[in-house]
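Undergrad: Below is upload27.txt; it holds compact mmCIF, C-alpha atoms and all ligand atoms.
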```
# COMPACT_ATOMS: atom_id res chain seq x y z
CA MET B 1 10.20 41.84 -15.16
CA GLN B 2 6.99 40.70 -16.76
CA TYR B 3 3.97 39.72 -14.68
CA ARG B 4 1.01 37.46 -15.43
CA LYS B 5 -2.34 37.73 -13.70
CA ASN B 6 -3.79 34.91 -11.63
CA LYS B 7 -7.52 34.16 -11.34
CA ASN B 8 -7.94 36.88 -8.68
CA GLY B 9 -6.24 39.47 -10.85
CA ASP B 10 -3.02 39.54 -8.76
CA ASN B 11 0.25 39.79 -10.62
CA TRP B 12 2.83 37.01 -10.43
CA SER B 13 6.31 37.53 -11.84
CA VAL B 14 7.03 35.18 -14.75
CA LEU B 15 10.19 34.12 -12.92
CA GLY B 16 9.62 32.46 -9.56
CA TYR B 17 12.17 31.55 -6.89
CA GLY B 18 12.47 27.82 -6.18
CA CYS B 19 13.44 27.69 -2.50
CA MET B 20 14.15 23.94 -2.57
CA ARG B 21 17.62 24.57 -3.91
CA PHE B 22 18.90 27.18 -1.43
CA THR B 23 22.66 26.67 -1.07
CA LYS B 24 23.63 24.39 1.80
CA SER B 25 26.48 24.89 4.18
CA GLY B 26 27.09 21.37 5.49
CA THR B 27 23.64 19.94 6.05
CA SER B 28 21.84 23.21 6.75
CA ILE B 29 20.93 26.18 4.56
CA ASP B 30 23.47 28.99 4.22
CA LEU B 31 21.05 31.65 5.40
CA ASP B 32 23.19 34.72 4.66
CA LYS B 33 23.85 33.62 1.11
CA ALA B 34 20.21 32.65 0.58
CA GLU B 35 19.15 36.08 1.85
CA GLN B 36 21.48 37.94 -0.51
CA GLU B 37 20.28 35.97 -3.52
CA LEU B 38 16.63 36.09 -2.61
CA MET B 39 16.71 39.82 -1.92
CA GLU B 40 18.51 40.46 -5.21
CA ALA B 41 15.68 38.60 -6.96
CA TYR B 42 13.12 40.63 -5.01
CA ARG B 43 14.81 43.91 -5.95
CA LEU B 44 14.75 42.84 -9.59
CA GLY B 45 11.02 42.19 -9.47
CA VAL B 46 10.61 38.50 -8.56
CA ASN B 47 7.52 38.20 -6.35
CA TYR B 48 6.81 34.44 -6.42
CA TYR B 49 8.56 32.15 -3.88
CA ASP B 50 7.97 28.40 -3.83
CA THR B 51 8.76 26.05 -0.97
CA ALA B 52 7.26 22.93 0.68
CA TYR B 53 6.71 21.27 4.05
CA ILE B 54 9.23 18.55 3.21
CA TYR B 55 12.07 20.76 1.89
CA GLN B 56 14.38 20.60 4.87
CA GLY B 57 14.81 24.01 6.48
CA SER B 58 13.42 25.83 3.45
CA GLU B 59 10.17 27.18 4.95
CA GLU B 60 12.03 28.38 8.06
CA ALA B 61 14.72 30.09 5.98
CA LEU B 62 12.16 31.79 3.76
CA GLY B 63 10.15 32.94 6.79
CA LYS B 64 13.24 34.42 8.46
CA ILE B 65 14.34 36.30 5.34
CA LEU B 66 10.89 37.72 4.64
CA GLU B 67 10.40 38.84 8.24
CA LYS B 68 13.86 40.39 8.55
CA ASN B 69 13.42 42.40 5.36
CA GLY B 70 9.75 43.26 5.94
CA ILE B 71 8.59 42.11 2.53
CA ARG B 72 6.04 39.43 3.39
CA ASP B 73 3.06 41.36 2.02
CA GLN B 74 4.80 42.25 -1.23
CA ILE B 75 5.33 38.68 -2.34
CA CYS B 76 3.45 35.46 -3.00
CA ILE B 77 4.37 32.44 -0.88
CA ALA B 78 3.60 29.06 -2.39
CA THR B 79 3.97 26.04 -0.15
CA LYS B 80 2.75 22.47 -0.22
CA LEU B 81 0.84 20.05 1.96
CA PRO B 82 2.41 16.57 1.93
CA HIS B 83 -0.92 14.73 1.67
CA TYR B 84 0.95 11.40 1.53
CA LEU B 85 1.93 11.92 5.20
CA LEU B 86 -1.57 12.55 6.50
CA LYS B 87 -4.60 10.45 7.18
CA ASP B 88 -7.24 13.07 7.95
CA ARG B 89 -7.97 16.78 8.23
CA LYS B 90 -6.74 16.92 11.84
CA LYS B 91 -3.23 16.15 10.65
CA ALA B 92 -3.67 18.62 7.77
CA GLU B 93 -4.53 21.33 10.28
CA GLU B 94 -1.45 20.51 12.36
CA MET B 95 0.80 20.68 9.32
CA LEU B 96 -0.67 23.97 8.13
CA GLN B 97 -0.13 25.51 11.58
CA THR B 98 3.49 24.31 11.53
CA GLN B 99 3.97 25.87 8.11
CA LEU B 100 2.50 29.23 9.18
CA LYS B 101 4.85 29.21 12.16
CA ARG B 102 7.88 28.33 10.07
CA LEU B 103 7.01 30.95 7.46
CA ARG B 104 6.27 33.59 10.14
CA THR B 105 3.02 34.59 8.54
CA ASP B 106 -0.71 34.21 9.13
CA TYR B 107 -1.65 33.40 5.54
CA ILE B 108 -0.35 31.42 2.61
CA ASP B 109 -0.99 32.75 -0.87
CA ASN B 110 -0.71 29.52 -2.82
CA TYR B 111 -1.32 26.21 -1.09
CA LEU B 112 -0.64 23.07 -3.11
CA MET B 113 -1.44 19.41 -2.67
CA HIS B 114 2.11 18.20 -3.03
CA MET B 115 2.84 15.72 -5.78
CA LEU B 116 -0.56 14.44 -6.86
CA THR B 117 -0.04 11.57 -9.27
CA ASP B 118 -3.58 10.37 -9.98
CA VAL B 119 -7.15 11.46 -9.52
CA ASP B 120 -7.92 8.69 -7.00
CA THR B 121 -5.53 10.29 -4.52
CA TRP B 122 -7.47 13.54 -4.79
CA LYS B 123 -10.78 11.70 -4.39
CA HIS B 124 -9.40 10.01 -1.29
CA LEU B 125 -8.44 13.41 0.13
CA GLU B 126 -11.98 14.63 -0.57
CA GLU B 127 -13.42 11.65 1.31
CA ASN B 128 -11.10 12.28 4.27
CA GLY B 129 -12.28 15.86 4.64
CA VAL B 130 -9.09 17.48 3.33
CA LYS B 131 -10.91 19.26 0.49
CA ASP B 132 -13.43 20.76 2.98
CA PHE B 133 -10.53 21.74 5.21
CA LEU B 134 -8.85 23.62 2.34
CA GLU B 135 -12.05 25.40 1.39
CA GLU B 136 -12.70 26.47 4.97
CA LYS B 137 -9.18 27.85 5.26
CA LYS B 138 -9.66 29.69 2.01
CA ALA B 139 -12.93 31.19 3.25
CA GLU B 140 -11.11 32.33 6.43
CA GLY B 141 -8.34 33.92 4.34
CA VAL B 142 -5.61 31.64 5.70
CA ILE B 143 -5.14 30.20 2.22
CA ARG B 144 -5.68 32.38 -0.83
CA ASN B 145 -5.41 29.95 -3.73
CA ILE B 146 -5.76 26.17 -3.84
CA GLY B 147 -3.65 24.23 -6.30
CA PHE B 148 -1.67 21.05 -6.79
CA SER B 149 1.76 20.03 -7.97
CA PHE B 150 1.84 17.10 -10.31
CA HIS B 151 4.08 14.17 -11.14
CA GLY B 152 2.32 11.55 -13.20
CA ASN B 153 1.30 10.95 -16.79
CA THR B 154 -0.70 13.18 -19.12
CA ASP B 155 -3.97 11.27 -18.77
CA ALA B 156 -3.83 11.45 -14.99
CA PHE B 157 -3.12 15.18 -15.17
CA LEU B 158 -6.13 15.83 -17.39
CA LYS B 159 -8.38 13.92 -14.98
CA ILE B 160 -7.11 15.86 -11.95
CA LEU B 161 -7.58 19.11 -13.84
CA ASP B 162 -11.26 18.27 -14.34
CA ALA B 163 -11.81 16.99 -10.80
CA TYR B 164 -11.86 20.38 -9.05
CA ASP B 165 -12.05 24.11 -9.70
CA TRP B 166 -8.33 24.69 -9.16
CA ASP B 167 -6.91 28.19 -8.76
CA PHE B 168 -3.58 27.12 -10.29
CA CYS B 169 -1.42 24.06 -10.84
CA GLN B 170 2.29 23.24 -10.95
CA ILE B 171 3.90 20.83 -13.40
CA GLN B 172 7.35 19.55 -14.26
CA TYR B 173 7.93 20.85 -17.76
CA ASN B 174 10.95 21.45 -19.96
CA TYR B 175 11.98 20.48 -23.47
CA ILE B 176 12.98 16.97 -22.36
CA ASP B 177 9.56 16.45 -20.72
CA GLU B 178 7.51 17.82 -23.59
CA ILE B 179 5.68 14.53 -24.05
CA SER B 180 6.10 13.04 -20.56
CA GLN B 181 4.54 14.08 -17.22
CA ALA B 182 1.68 16.58 -17.86
CA GLY B 183 3.48 17.49 -21.09
CA ARG B 184 2.53 20.07 -23.68
CA ILE B 185 -0.96 18.56 -23.89
CA GLY B 186 -1.48 19.12 -20.16
CA LEU B 187 -0.11 22.66 -20.28
CA GLU B 188 -2.42 23.61 -23.12
CA ALA B 189 -5.44 21.96 -21.46
CA ALA B 190 -4.84 24.02 -18.31
CA GLN B 191 -4.43 27.17 -20.40
CA LYS B 192 -7.75 26.46 -22.13
CA LYS B 193 -9.46 26.18 -18.74
CA GLY B 194 -7.89 29.46 -17.61
CA ILE B 195 -5.80 27.75 -14.90
CA PRO B 196 -2.42 29.42 -14.35
CA VAL B 197 0.46 26.97 -14.71
CA ILE B 198 3.59 27.17 -12.59
CA ILE B 199 6.57 25.36 -14.10
CA MET B 200 8.98 23.38 -11.91
CA GLU B 201 12.18 21.66 -13.04
CA PRO B 202 12.50 24.01 -16.04
CA LEU B 203 16.11 22.91 -16.45
CA ARG B 204 15.65 19.41 -14.99
CA GLY B 205 17.62 20.04 -11.83
CA GLY B 206 20.37 21.90 -13.73
CA LYS B 207 20.91 19.15 -16.30
CA LEU B 208 19.71 21.37 -19.15
CA ALA B 209 22.08 24.14 -18.05
CA ASP B 210 25.08 21.83 -18.12
CA VAL B 211 24.60 19.98 -21.39
CA PRO B 212 27.10 17.55 -23.00
CA GLU B 213 30.09 19.09 -24.82
CA GLU B 214 28.68 18.33 -28.26
CA ALA B 215 25.51 20.28 -27.42
CA LYS B 216 27.55 23.12 -25.87
CA ARG B 217 29.45 23.50 -29.15
CA MET B 218 26.18 23.58 -31.07
CA ILE B 219 24.78 26.28 -28.79
CA GLY B 220 28.05 28.24 -29.09
CA ASP B 221 27.86 28.08 -32.89
CA TYR B 222 24.29 29.32 -32.77
CA ALA B 223 25.30 32.21 -30.50
CA ASN B 224 28.11 33.17 -32.90
CA LYS B 225 25.71 33.08 -35.81
CA LEU B 226 23.27 35.34 -33.96
CA SER B 227 25.91 37.92 -33.27
CA HIS B 228 26.66 38.15 -37.00
CA VAL B 229 23.19 38.37 -38.54
CA PRO B 230 22.33 41.59 -40.41
CA ALA B 231 20.39 44.15 -38.36
CA ALA B 232 17.27 43.78 -40.52
CA ASP B 233 16.86 40.09 -39.55
CA THR B 234 17.26 40.36 -35.83
CA SER B 235 13.85 40.77 -34.20
CA ASN B 236 13.91 37.52 -32.15
CA GLN B 237 17.67 37.12 -32.26
CA GLU B 238 18.19 40.49 -30.59
CA GLU B 239 16.10 39.31 -27.67
CA ALA B 240 18.06 36.10 -27.50
CA MET B 241 21.38 37.92 -27.31
CA SER B 242 20.61 41.21 -25.63
CA SER B 243 21.46 40.04 -22.11
CA GLY B 244 24.86 38.76 -23.12
CA THR B 245 25.88 35.23 -23.91
CA TYR B 246 23.35 32.81 -25.29
CA THR B 247 23.64 29.77 -23.01
CA ALA B 248 22.04 26.36 -22.61
CA ALA B 249 20.13 27.64 -19.56
CA LYS B 250 18.86 30.62 -21.48
CA MET B 251 17.74 28.42 -24.33
CA GLY B 252 15.83 26.14 -21.93
CA LEU B 253 14.05 29.08 -20.28
CA ARG B 254 13.26 30.73 -23.61
CA TRP B 255 11.69 27.47 -24.80
CA LEU B 256 9.26 27.80 -21.88
CA TYR B 257 8.54 31.51 -22.15
CA ASP B 258 7.83 31.02 -25.83
CA GLN B 259 4.63 29.19 -24.83
CA PRO B 260 1.66 31.37 -23.80
CA GLY B 261 0.27 28.77 -21.36
CA VAL B 262 3.29 29.21 -19.06
CA THR B 263 2.50 31.56 -16.15
CA VAL B 264 5.52 31.35 -13.80
CA VAL B 265 8.81 29.50 -14.28
CA LEU B 266 10.43 28.46 -11.00
CA SER B 267 14.18 28.45 -10.84
CA GLY B 268 16.26 27.18 -7.93
CA MET B 269 18.72 30.07 -8.00
CA ASN B 270 21.80 29.84 -5.81
CA SER B 271 24.16 32.52 -7.06
CA LEU B 272 23.74 36.25 -7.69
CA GLU B 273 24.83 35.79 -11.31
CA MET B 274 22.16 33.15 -11.84
CA VAL B 275 19.50 35.45 -10.39
CA GLN B 276 20.58 38.36 -12.61
CA GLU B 277 20.87 36.22 -15.73
CA ASN B 278 17.48 34.55 -15.24
CA VAL B 279 15.78 37.87 -14.50
CA LYS B 280 17.11 39.28 -17.78
CA THR B 281 15.95 36.25 -19.73
CA ALA B 282 12.52 36.41 -18.10
CA ALA B 283 12.21 40.12 -18.82
CA GLU B 284 13.01 39.71 -22.51
CA SER B 285 11.40 36.45 -23.54
CA LEU B 286 7.77 36.89 -24.52
CA PRO B 287 5.44 34.21 -25.87
CA GLY B 288 6.41 33.54 -29.47
CA CYS B 289 9.99 34.74 -28.88
CA MET B 290 11.72 31.75 -30.50
CA SER B 291 12.69 31.64 -34.15
CA ASP B 292 12.38 28.45 -36.22
CA ASP B 293 16.18 28.12 -36.11
CA GLU B 294 16.18 28.31 -32.34
CA ARG B 295 13.44 25.67 -32.07
CA ALA B 296 15.45 23.42 -34.39
CA LEU B 297 18.48 23.93 -32.14
CA VAL B 298 16.45 22.79 -29.11
CA GLU B 299 15.49 19.59 -30.95
CA GLN B 300 19.14 18.87 -31.79
CA VAL B 301 20.28 19.50 -28.22
CA LYS B 302 17.46 17.34 -26.89
CA ALA B 303 18.59 14.41 -29.07
CA ILE B 304 22.16 14.75 -27.77
CA ILE B 305 21.04 14.86 -24.13
CA GLN B 306 18.83 11.80 -24.55
CA LYS B 307 21.73 9.92 -26.12
CA ASN B 308 23.92 10.86 -23.15
CA THR B 309 21.58 9.98 -20.29
CA ARG B 310 21.35 6.71 -18.37
CA VAL B 311 18.67 7.77 -15.88
CA GLY B 312 16.25 10.70 -15.72
CA CYS B 313 16.97 11.65 -12.09
CA THR B 314 16.44 15.37 -11.46
CA GLY B 315 18.42 15.41 -8.19
CA CYS B 316 15.37 16.57 -6.21
CA ARG B 317 16.41 14.35 -3.25
CA TYR B 318 12.83 13.48 -2.29
CA CYS B 319 14.05 9.88 -1.95
CA MET B 320 16.57 10.85 0.72
CA PRO B 321 17.53 9.83 3.30
CA CYS B 322 17.83 6.21 2.27
CA PRO B 323 17.67 4.03 5.42
CA ALA B 324 20.61 1.98 4.16
CA GLY B 325 22.75 5.12 3.70
CA ILE B 326 23.04 5.26 -0.10
CA ASP B 327 23.24 8.68 -1.72
CA ILE B 328 20.81 7.82 -4.52
CA PRO B 329 20.93 11.08 -6.56
CA ALA B 330 24.74 11.28 -6.31
CA THR B 331 25.01 7.71 -7.60
CA PHE B 332 22.73 8.51 -10.53
CA PHE B 333 24.65 11.70 -11.25
CA SER B 334 27.89 9.71 -11.54
CA TRP B 335 26.14 7.12 -13.67
CA ASN B 336 24.91 9.80 -16.08
CA THR B 337 28.46 11.11 -16.26
CA LEU B 338 29.41 7.67 -17.52
CA ALA B 339 27.07 8.12 -20.48
CA SER B 340 28.25 11.62 -21.30
CA GLU B 341 31.95 11.61 -20.36
CA GLY B 342 32.97 7.99 -20.24
CA LYS B 343 33.82 5.39 -17.58
CA LYS B 344 37.01 6.92 -16.28
CA THR B 345 35.50 10.31 -15.44
CA ALA B 346 32.32 8.75 -14.04
CA ARG B 347 34.14 6.33 -11.77
CA ALA B 348 36.41 9.12 -10.53
CA GLU B 349 33.32 11.24 -9.90
CA TYR B 350 31.67 8.41 -7.97
CA LEU B 351 34.77 7.83 -5.83
CA ARG B 352 35.25 11.52 -5.17
CA THR B 353 31.67 12.20 -4.04
CA SER B 354 31.37 9.05 -1.97
CA ALA B 355 34.79 9.63 -0.39
CA MET B 356 33.72 13.10 0.78
CA ALA B 357 30.40 11.89 2.18
CA THR B 358 31.66 9.60 4.91
CA ASN B 359 28.17 8.59 6.03
CA THR B 360 27.18 7.05 2.68
CA VAL B 361 27.51 3.45 1.51
CA PRO B 362 27.87 1.95 -2.00
CA PRO B 363 24.72 1.25 -4.06
CA SER B 364 25.20 -2.51 -3.60
CA LYS B 365 24.09 -2.05 0.05
CA CYS B 366 20.48 -1.41 -1.02
CA VAL B 367 18.23 -3.57 1.15
CA GLY B 368 15.33 -3.31 -1.29
CA CYS B 369 12.87 -1.66 1.13
CA GLY B 370 11.30 0.36 -1.74
CA LYS B 371 10.85 3.53 0.36
CA CYS B 372 12.61 5.61 -2.30
CA GLU B 373 10.44 4.38 -5.17
CA LYS B 374 7.22 5.30 -3.39
CA ILE B 375 8.19 8.97 -3.33
CA CYS B 376 10.28 9.45 -6.48
CA PRO B 377 8.38 11.98 -8.66
CA GLN B 378 10.03 10.55 -11.78
CA LYS B 379 8.72 7.07 -10.93
CA LEU B 380 12.17 5.60 -11.37
CA PRO B 381 12.68 1.89 -10.62
CA ILE B 382 15.45 2.93 -8.26
CA ARG B 383 16.30 -0.52 -6.93
CA THR B 384 16.92 -1.96 -10.39
CA LEU B 385 18.73 1.14 -11.58
CA LEU B 386 21.04 1.11 -8.56
CA LYS B 387 22.08 -2.43 -9.39
CA GLU B 388 22.93 -1.41 -12.95
CA ALA B 389 24.72 1.73 -11.76
CA ASP B 390 26.68 -0.31 -9.23
CA HIS B 391 27.73 -2.76 -11.92
CA GLU B 392 29.02 -0.03 -14.23
CA LEU B 393 30.49 2.35 -11.67
CA ARG B 394 32.13 -0.27 -9.47
CA PRO B 395 33.75 -3.07 -11.48
CA PHE B 396 35.17 -5.89 -9.30
CA TYR B 397 38.77 -4.60 -9.44
CA LEU B 398 37.67 -1.18 -8.23
CA ARG B 399 35.64 -2.63 -5.35
CA ALA B 400 38.72 -4.31 -3.98
CA VAL B 401 40.64 -1.05 -3.69
CA GLU B 402 37.71 1.31 -3.13
CA PRO B 403 38.18 1.78 0.65
CA LEU B 404 41.85 2.57 0.18
CA ILE B 405 41.25 5.06 -2.66
CA LYS B 406 38.58 6.83 -0.64
CA LYS B 407 40.87 7.04 2.36
CA LEU B 408 43.57 8.64 0.23
CA MET B 409 41.09 11.03 -1.38
CA ARG B 410 39.87 12.19 2.03
CA ARG B 411 43.42 13.04 3.01
S1 LIG B 501 15.13 0.49 -1.75
FE1 LIG B 501 17.32 0.60 -1.43
S2 LIG B 501 17.89 2.62 -2.17
FE2 LIG B 501 15.67 2.65 -1.86
S3 LIG B 501 15.42 3.47 0.22
FE3 LIG B 501 15.44 1.22 0.37
S4 LIG B 501 17.58 0.72 0.78
FE4 LIG B 501 17.55 2.82 0.03
S1 LIG B 502 15.84 9.22 -7.64
FE1 LIG B 502 13.86 10.25 -7.89
S2 LIG B 502 13.42 11.12 -5.87
FE2 LIG B 502 15.58 10.56 -5.89
S3 LIG B 502 16.63 12.44 -6.48
FE3 LIG B 502 16.29 11.27 -8.35
S4 LIG B 502 14.36 12.01 -9.17
FE4 LIG B 502 14.47 12.71 -7.05
```
Rewrite the structure of this file - the entire thing - as structure tokens.

TA:
Amino acid sequence: MQYRKNKNGDNWSVLGYGCMRFTKSGTSIDLDKAEQELMEAYRLGVNYYDTAYIYQGSEEALGKILEKNGIRDQICIATKLPHYLLKDRKKAEEMLQTQLKRLRTDYIDNYLMHMLTDVDTWKHLEENGVKDFLEEKKAEGVIRNIGFSFHGNTDAFLKILDAYDWDFCQIQYNYIDEISQAGRIGLEAAQKKGIPVIIMEPLRGGKLADVPEEAKRMIGDYANKLSHVPAADTSNQEEAMSSGTYTAAKMGLRWLYDQPGVTVVLSGMNSLEMVQENVKTAAESLPGCMSDDERALVEQVKAIIQKNTRVGCTGCRYCMPCPAGIDIPATFFSWNTLASEGKKTARAEYLRTSAMATNTVPPSKCVGCGKCEKICPQKLPIRTLLKEADHELRPFYLRAVEPLIKKLMRR
């Protein structure tokens, strides 16, 4: 495992564990499985663990695992304050105390303002005493580093970066988001200021690991080519292949590690194989690791993905629960399937997932409250998109027989 130093000189592993995507068993986290996977990552050198107040059950699960295995002081916990749920520092204090309790610790290494989107929000938090609160907690040692996670545009990111002496920041970054969100410009600006950058959504909620068939074939051809190049030409290629198969996920992670401004890449790992594979990739992929051919491959794959995508939903589920009972990310997932695999597969996918989730309703039941759009980090016009998705996924003849099909599927 490689490590990068933060502003205090502590080492953070270049691969971090995204605890938002712990495997669920029903509606709660499968704690035994999460423990096995997390401890495997720890044994292999991962020391950065990212969670948040609003990730259901995640802080509690992390706290239990760390306490049971006695590794709290060997790792860095990053968690986030949902500033959009608080009015003043009193509420901030309450939330922090809840987080310490859930995490079974008396300090938090990295404390982030969750999902800042513009500098005015930060200024508002300053006026409400939240900035002073954070600095006092830092002086007391309850918080070690103050940072923010970001979902907005590049200009807003640059303004936030300049608005405070941040210890670190966290951005959504991957080859699809190279010119959206904070983007490459934001990453390089943070690097120039010496602010460590934590990367979230490196594979866009798994979408870049499971690319369309055409892109898979292209990646397979590239892997075959790599395994046949003469030994003299293999400096970067050897790295790309040395941990086994060259995959879409590996390509996406290598694209990030290739860039020196990247400090930690978070991955929501929920299988032992995924942990082992990602650790190998992280250990081998140094800045500058990509060849020109590999960069060209990324561009080709990117073009295919963009052609095959209806909506840029990452599946983060921040918008859930919807008060009307719609499973918004599942609907968008099926809708994207329509672009990549055609109507038949997408409609079957929609029926299958909605048949299994008996407490969900079709997208046409949206009451337009707008709650989901206020929190969506991708700023998706969810209400409009749901109407379009509904139109394509549920043609009139399917609506008529939908209840019956679902009933049969459940059986
Ligand atoms: S706008 Fe529609 S989809 Fe969004 S939360 Fe409200 S009811 Fe649900
Ligand atoms: S619609 Fe937005 S908030 Fe909901 S899962 Fe998708 S990206 Fe996340």

Undergrad: Sorted by chain and rising residue number, which residues of chain B lie within 12 Å of ligand LIG 501 (chain B), and what are their closest atom pairs and distances in Å to one decimal, counting all atoms listed in the file, as a tab-separated table?

TA:
```
residue	atom	partner	partner_atom	distance
B:Arg317	CA	B:LIG501	S3	11.5
B:Tyr318	CA	B:LIG501	S3	10.6
B:Cys319	CA	B:LIG501	S3	6.9
B:Met320	CA	B:LIG501	S3	7.5
B:Pro321	CA	B:LIG501	S3	7.4
B:Cys322	CA	B:LIG501	FE4	4.1
B:Pro323	CA	B:LIG501	FE4	5.5
B:Ala324	CA	B:LIG501	S4	4.7
B:Gly325	CA	B:LIG501	FE4	6.8
B:Ile326	CA	B:LIG501	FE4	6.0
B:Asp327	CA	B:LIG501	S2	8.1
B:Ile328	CA	B:LIG501	S2	6.4
B:Pro329	CA	B:LIG501	S2	10.0
B:Ala330	CA	B:LIG501	S2	11.8
B:Thr331	CA	B:LIG501	S2	10.3
B:Phe332	CA	B:LIG501	S2	11.3
B:Thr360	CA	B:LIG501	FE4	10.8
B:Val361	CA	B:LIG501	FE4	10.1
B:Pro362	CA	B:LIG501	S2	10.0
B:Pro363	CA	B:LIG501	S2	7.2
B:Ser364	CA	B:LIG501	FE1	8.7
B:Lys365	CA	B:LIG501	S4	7.1
B:Cys366	CA	B:LIG501	FE1	3.8
B:Val367	CA	B:LIG501	S4	4.4
B:Gly368	CA	B:LIG501	S1	3.8
B:Cys369	CA	B:LIG501	FE3	3.9
B:Gly370	CA	B:LIG501	S1	3.8
B:Lys371	CA	B:LIG501	S3	4.6
B:Cys372	CA	B:LIG501	FE2	4.3
B:Glu373	CA	B:LIG501	FE2	6.4
B:Lys374	CA	B:LIG501	FE2	9.0
B:Ile375	CA	B:LIG501	S3	9.8
B:Cys376	CA	B:LIG501	FE2	9.8
B:Leu380	CA	B:LIG501	FE2	10.6
B:Pro381	CA	B:LIG501	FE2	9.3
B:Ile382	CA	B:LIG501	FE2	6.4
B:Arg383	CA	B:LIG501	S1	5.4
B:Thr384	CA	B:LIG501	S1	9.2
B:Leu385	CA	B:LIG501	S2	9.6
B:Leu386	CA	B:LIG501	S2	7.3
B:Lys387	CA	B:LIG501	S2	9.8
B:Ala389	CA	B:LIG501	S2	11.8
B:Asp390	CA	B:LIG501	S2	11.6
```

Undergrad: Build an axis-aligned box that encloses every atom of ligand LIG 502 (chain B) listed in the file, pad it by 3 Å on each side, and report its centre and edge lengths in Å to one decimal, as AutoDock Vina command-line options.

TA:
```
--center_x 15.0 --center_y 11.0 --center_z -7.5 --size_x 9.2 --size_y 9.5 --size_z 9.3
```

Undergrad: Between CA of Arg310 (chain B) and CA of Asn336 (chain B), measure the distance and give it in Å to one decimal.

TA: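 According to the coordinates, CA of Arg310 (chain B) and CA of Asn336 (chain B) are separated by 5.2 Å.
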
Undergrad: Around (-11.2, 23.9, 3.7) in the file's frame, which residues reach within 12 Å when counting only C-alpha atoms? Return as a JSON list (two decimals) with C-alpha atoms, in the frame of the given file?

TA:
```json
[["chain", "number", "residue", "atom", "x", "y", "z"],
["B", 89, "ARG", "CA", -7.97, 16.78, 8.23],
["B", 90, "LYS", "CA", -6.74, 16.92, 11.84],
["B", 92, "ALA", "CA", -3.67, 18.62, 7.77],
["B", 93, "GLU", "CA", -4.53, 21.33, 10.28],
["B", 96, "LEU", "CA", -0.67, 23.97, 8.13],
["B", 111, "TYR", "CA", -1.32, 26.21, -1.09],
["B", 125, "LEU", "CA", -8.44, 13.41, 0.13],
["B", 126, "GLU", "CA", -11.98, 14.63, -0.57],
["B", 128, "ASN", "CA", -11.10, 12.28, 4.27],
["B", 129, "GLY", "CA", -12.28, 15.86, 4.64],
["B", 130, "VAL", "CA", -9.09, 17.48, 3.33],
["B", 131, "LYS", "CA", -10.91, 19.26, 0.49],
["B", 132, "ASP", "CA", -13.43, 20.76, 2.98],
["B", 133, "PHE", "CA", -10.53, 21.74, 5.21],
["B", 134, "LEU", "CA", -8.85, 23.62, 2.34],
["B", 135, "GLU", "CA", -12.05, 25.40, 1.39],
["B", 136, "GLU", "CA", -12.70, 26.47, 4.97],
["B", 137, "LYS", "CA", -9.18, 27.85, 5.26],
["B", 138, "LYS", "CA", -9.66, 29.69, 2.01],
["B", 139, "ALA", "CA", -12.93, 31.19, 3.25],
["B", 140, "GLU", "CA", -11.11, 32.33, 6.43],
["B", 141, "GLY", "CA", -8.34, 33.92, 4.34],
["B", 142, "VAL", "CA", -5.61, 31.64, 5.70],
["B", 143, "ILE", "CA", -5.14, 30.20, 2.22],
["B", 144, "ARG", "CA", -5.68, 32.38, -0.83],
["B", 145, "ASN", "CA", -5.41, 29.95, -3.73],
["B", 146, "ILE", "CA", -5.76, 26.17, -3.84]]
```

Undergrad: So how many Å separate atom S4 of ligand LIG 502 (chain B) and CA of Arg352 (chain B), to one decimal?

TA: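 Separating atom S4 of ligand LIG 502 (chain B) from CA of Arg352 (chain B) is a distance of 21.3 Å.
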
Undergrad: Just checking: using only C-alpha atoms, which residue out of B:Asp118, B:Asp50, B:Asp258, B:Asp32 ends up closest to Asp292 (chain B)?

TA: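 Using only C-alpha atoms, Asp292 (chain B) sits closest to B:Asp258.
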
Undergrad: Would you pick out the contacts of Gly45 (chain B) at 10 Å or less, using only C-alpha atoms, so that residues sharing its chain but fewer than 6 positions from it are not included, and give the list as a short mmCIF file (atom, residue, chain, number, x, y, z; two decimals) with C-alpha atoms, in the frame of the given file?

TA:
```cif
data_model
loop_
_atom_site.label_atom_id
_atom_site.label_comp_id
_atom_site.auth_asym_id
_atom_site.auth_seq_id
_atom_site.Cartn_x
_atom_site.Cartn_y
_atom_site.Cartn_z
CA MET B 1 10.20 41.84 -15.16
CA GLN B 2 6.99 40.70 -16.76
CA TYR B 3 3.97 39.72 -14.68
CA TRP B 12 2.83 37.01 -10.43
CA SER B 13 6.31 37.53 -11.84
CA VAL B 14 7.03 35.18 -14.75
CA LEU B 15 10.19 34.12 -12.92
CA GLY B 16 9.62 32.46 -9.56
CA MET B 39 16.71 39.82 -1.92
CA ILE B 75 5.33 38.68 -2.34
CA VAL B 279 15.78 37.87 -14.50
CA ALA B 283 12.21 40.12 -18.82
#
```

Undergrad: Identify which of the residues B:Val311, B:Cys169, B:Leu338, B:Ile29 lies closest to ligand LIG 502 (chain B), counting all atoms listed in the file when measuring atom-to-atom distances.

TA: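 Closest to ligand LIG 502 (chain B), using all atoms listed in the file: B:Val311.
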
Undergrad: In Å to one decimal, how far is CA of Asn270 (chain B) from CA of Lys250 (chain B)?

TA: 16.0 Å

Undergrad: Mind checking which residues fall within 12 Å of Val264 (chain B), counting all atoms listed in the file, ignoring those fewer than 6 positions away in the same chain, and posting them as a ChimeraX atom specification?

TA: /B:1-6,11-18,46-50,76,78,168-173,195-202,253,256-257,282

Undergrad: From the options B:Thr105, B:Asn69, B:Gln181, B:Thr314, which residue's atoms come nearest to Thr117 (chain B), counting all atoms listed in the file?

TA: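 Closest to Thr117 (chain B) of all the choices is B:Gln181.
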